[in-house]
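Participant: Here it is: the structure, laid out below.
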Amino acid sequence: MIFATNYFNHIKDELPRFNLKLLLNIEDLNNSIFDEVFNILKPNQQEQYIIFKDSEEAKKYRKERNAKLPYVDFNNLPEIFDNVLLQKVILYQKDGETGEAIYDLLSEDRKDQIAQFERKIYEEEKTKKRALMTDEEKKKEKEWWDQYNADPKPRFRGNMGEPDTVDEYILRYGVDPRTGKPETIENFFKNYTIDPKTGMPIPKEKNE
C-alpha cells in the first residue's frame with residue numbers, strides 16, 4: 001500500500017494547495033509512486049494538478065524548494081545512510097510537503113537510522129545546554145518537568161523544528177502526540193482521515 005494516497009483519497013472537490021505541492025514533490029522526488037497516486041484523483045483534480053504543475057506558482061515553489069533543500073537523489077538511496085545523508089533527509093522530513101512525498105521511499109530500517117541519529121543529536125545538544133546552566137536554572141527546569149510529567153492530559157506543542165501535525169509527528173517519532181502511546185502511520189490512517197483545511201485528524205466513523 002502506498003501511504004501517500006491517504007492524503008488524497010478523502011478529498012471530494014478541488015485539491016488544497018498543500019496537496020498540489022505534495023503531488024508535485026511526489027512526481028519530482030518519488031516518481032515511482034506518482035502514477036498510482038495520480039490515478040486515484042478524480043478527473044477534475046487531475047486536470048487541476050496538470051494546470052498547477054505548469055503554473056508560475058509551481059515554478060516558483062520548485063525554485064524555492066530546490067534553493068532551501070540540499071540535493072538528494074531519492075531514486076538511488078543506499079540502505080545505510082552516512083551522517084551527511086541523514087542530515088539532508090531529515091531536512092526533507094521536517095518540511096511537510098516533502099516529508100510526506102518521500103515517506104514511502106523510507107524502509108523501516110532507514111526510518112530507524114533517522115530516529116537514532118535525531119535522538120543522538122538531541123541528547124548531545126541537551127548535554128551542551130545543561131552544561132551551561134546554573135544550579136538555579138537546573139532546579140527550575142526540574143520543577144517544570146515534574147509538573148509537566150505529572151499532568152495526565154495529552155498535549156502536543158508543535159515546537160519550531162518539530163512536526164506541525166499529528167500525522168507528521170507519528171511519521172517521525174512513531175508516537176501519537178495526543179496520547180503519548182506508540183502508533184504507526186498505517187494504523188493511524190485506518191482510523192482517521194486528514195481535514196485538508198486544518199490538517200487535523202478526523203475519525204473515519206464520524207466522517208463517512
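The chains in the C-alpha cells are called A, B, ... from first to last as shown; in each chain the residues are counted from 1, and the ligands are counted from 1 in the order shown.
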As a list in words, please: the residues near region 55-58 of chain A (cut-off 10 Å, only C-alpha atoms, same-chain neighbours under 6 positions excluded).

Facilitator: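 In the requested format, the answer is Leu20, Lys21, Leu24, Tyr49 and Glu64 of chain A.
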
Participant: Would you mind listing what lies within 8 Å of region 1-3 of chain A as a PyMOL selection string, with only C-alpha atoms counted and same-chain residues fewer than 4 positions away left out?

Facilitator: chain A and resi 7+33+37+103-104+186

Participant: Create the file for the chosen residues now, containing N, CA and C atoms and written as a PDB file, in the first residue's frame.

Facilitator:
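Ended up saving to part.pdb:
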```pdb
ATOM      1  N   TYR A   7      -3.464  11.015   1.678  1.00  0.00           N
ATOM      2  CA  TYR A   7      -3.606  12.467   1.681  1.00  0.00           C
ATOM      3  C   TYR A   7      -4.543  12.962   0.578  1.00  0.00           C
ATOM      4  N   ILE A  33       5.958   6.235  -7.455  1.00  0.00           N
ATOM      5  CA  ILE A  33       4.591   6.073  -6.946  1.00  0.00           C
ATOM      6  C   ILE A  33       3.635   7.112  -7.530  1.00  0.00           C
ATOM      7  N   VAL A  37      -0.672   7.382  -7.284  1.00  0.00           N
ATOM      8  CA  VAL A  37      -1.331   8.460  -6.539  1.00  0.00           C
ATOM      9  C   VAL A  37      -2.197   9.295  -7.482  1.00  0.00           C
ATOM     10  N   TYR A 103       8.031   9.646   2.182  1.00  0.00           N
ATOM     11  CA  TYR A 103       7.788   8.653   3.233  1.00  0.00           C
ATOM     12  C   TYR A 103       7.822   7.224   2.697  1.00  0.00           C
ATOM     13  N   ASP A 104       7.185   6.994   1.555  1.00  0.00           N
ATOM     14  CA  ASP A 104       7.117   5.635   1.009  1.00  0.00           C
ATOM     15  C   ASP A 104       8.471   5.116   0.543  1.00  0.00           C
ATOM     16  N   GLU A 186       0.394   3.599   9.426  1.00  0.00           N
ATOM     17  CA  GLU A 186      -0.550   2.691   8.780  1.00  0.00           C
ATOM     18  C   GLU A 186      -1.832   2.572   9.603  1.00  0.00           C
TER      19      GLU A 186
END
```

Participant: Please indicate the distance in Å from CA of Asp112 (chain A) to CA of Lys190 (chain A), rounded to one decimal place.

Facilitator: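 Straight-line distance from CA of Asp112 (chain A) to CA of Lys190 (chain A) works out to 22.6 Å.
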
Participant: Using only C-alpha atoms, can you tell me which of A:Asn76, A:Asn30, A:Thr5, A:Gln113 comes closest to Ile90 (chain A)?

Facilitator: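 Distance minimum relative to Ile90 (chain A) lands on A:Gln113.
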
Participant: Determine the nearest neighbour of Arg17 (chain A) from the options A:Asp135, A:Glu79, A:Glu97, A:Asp35, counting only C-alpha atoms.

Facilitator: A:Glu97

Participant: Using only C-alpha atoms, pick whichever of A:Glu183, A:Phe8, A:Glu141, A:Glu14 has the shortest atom-to-atom distance to Asn39 (chain A).

Facilitator: A:Phe8

Participant: Mind checking DSSP for region 26-150 of chain A and telling me the alpha helix (DSSP H) residues as JSON, numbers by chain?

Facilitator: {"A": [26, 27, 28, 29, 34, 35, 36, 37, 38, 39, 43, 44, 45, 46, 47, 48, 49, 50, 51, 52, 53, 56, 57, 58, 59, 60, 61, 62, 63, 64, 65, 66, 67, 68, 83, 84, 85, 86, 87, 88, 89, 90, 91, 92, 93, 94, 96, 97, 98, 99, 100, 101, 102, 108, 109, 110, 111, 112, 113, 114, 115, 116, 117, 118, 119, 120, 121, 122, 123, 124, 125, 126, 127, 128, 129, 130, 131, 135, 136, 137, 138, 139, 140, 141, 142, 143, 144, 145, 146, 147, 148, 149, 150]}

Participant: Go through A:Lys53, A:Leu91, A:Asp176, A:Asp167 one by one, measure the shortest atom-to-atom distance of each to Pro70 (chain A) using only C-alpha atoms, and give the residue with the smallest value.

Facilitator: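 Ranking A:Lys53, A:Leu91, A:Asp176, A:Asp167 by distance to Pro70 (chain A), first place goes to A:Leu91.
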
Participant: For each of A:Leu85, A:Ala67, A:Ala4, A:Leu171, take the minimum atom-to-atom distance to Glu108 (chain A), counting only C-alpha atoms, then give the residue where this is smallest.

Facilitator: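 When distances to Glu108 (chain A) are compared using only C-alpha atoms, the smallest one comes from A:Leu171.
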
Participant: I'd like the contact shell of Thr98 (chain A) - 10 Å cut-off, only C-alpha atoms, skipping same-chain residues fewer than 2 positions apart - returned as a PyMOL selection string.

Facilitator: chain A and resi 21-26+28-30+65+69+89+91-96+100-103

Participant: May I have the selected residues written with N, CA and C atoms, as a compact mmCIF listing (two decimals), in the first residue's frame?

Facilitator:
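Result file part-v5.txt:
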```txt
# COMPACT_ATOMS: atom_id res chain seq x y z
N LYS A 21 1.09 20.81 -3.97
CA LYS A 21 2.54 20.84 -3.79
C LYS A 21 3.07 19.46 -3.41
N LEU A 22 2.32 18.75 -2.59
CA LEU A 22 2.72 17.39 -2.23
C LEU A 22 2.79 16.51 -3.46
N LEU A 23 1.81 16.61 -4.33
CA LEU A 23 1.80 15.81 -5.56
C LEU A 23 2.96 16.19 -6.47
N LEU A 24 3.26 17.47 -6.53
CA LEU A 24 4.41 17.93 -7.31
C LEU A 24 5.70 17.33 -6.77
N ASN A 25 5.82 17.29 -5.45
CA ASN A 25 7.01 16.72 -4.83
C ASN A 25 7.09 15.21 -5.05
N ILE A 26 5.95 14.54 -5.04
CA ILE A 26 5.95 13.11 -5.33
C ILE A 26 6.46 12.87 -6.75
N ASP A 28 8.42 14.77 -8.48
CA ASP A 28 9.83 15.15 -8.59
C ASP A 28 10.76 14.23 -7.80
N LEU A 29 10.33 13.85 -6.60
CA LEU A 29 11.24 13.17 -5.67
C LEU A 29 11.00 11.67 -5.56
N ASN A 30 9.78 11.25 -5.80
CA ASN A 30 9.41 9.85 -5.59
C ASN A 30 8.53 9.40 -6.75
N ARG A 65 12.03 25.58 -3.25
CA ARG A 65 12.30 24.29 -2.60
C ARG A 65 13.72 23.84 -2.88
N LEU A 69 16.47 23.29 0.11
CA LEU A 69 16.84 21.92 0.49
C LEU A 69 18.03 21.43 -0.31
N VAL A 89 18.33 14.18 4.55
CA VAL A 89 17.00 13.56 4.51
C VAL A 89 16.11 14.13 5.62
N LEU A 91 16.11 17.10 6.77
CA LEU A 91 15.61 18.40 6.33
C LEU A 91 14.36 18.24 5.45
N TYR A 92 14.37 17.23 4.61
CA TYR A 92 13.18 16.95 3.79
C TYR A 92 12.03 16.49 4.66
N GLN A 93 12.33 15.67 5.66
CA GLN A 93 11.29 15.16 6.55
C GLN A 93 10.61 16.29 7.32
N LYS A 94 11.37 17.28 7.70
CA LYS A 94 10.83 18.36 8.53
C LYS A 94 9.90 19.27 7.74
N ASP A 95 9.99 19.22 6.42
CA ASP A 95 9.10 20.01 5.57
C ASP A 95 7.92 19.12 5.19
N GLY A 96 6.72 19.50 5.61
CA GLY A 96 5.56 18.64 5.41
C GLY A 96 5.31 18.25 3.97
N GLU A 100 6.10 14.06 3.46
CA GLU A 100 5.11 13.06 3.08
C GLU A 100 5.40 12.47 1.70
N ALA A 101 6.04 13.27 0.84
CA ALA A 101 6.35 12.79 -0.51
C ALA A 101 7.39 11.67 -0.50
N ILE A 102 8.32 11.71 0.45
CA ILE A 102 9.39 10.71 0.46
C ILE A 102 9.13 9.58 1.44
N TYR A 103 8.03 9.65 2.18
CA TYR A 103 7.79 8.65 3.23
C TYR A 103 7.82 7.22 2.70
```

Participant: Have a look at CA of Glu27 (chain A) and CA of Thr165 (chain A) and let me know their distance in Å, one decimal.

Facilitator: 22.9 Å
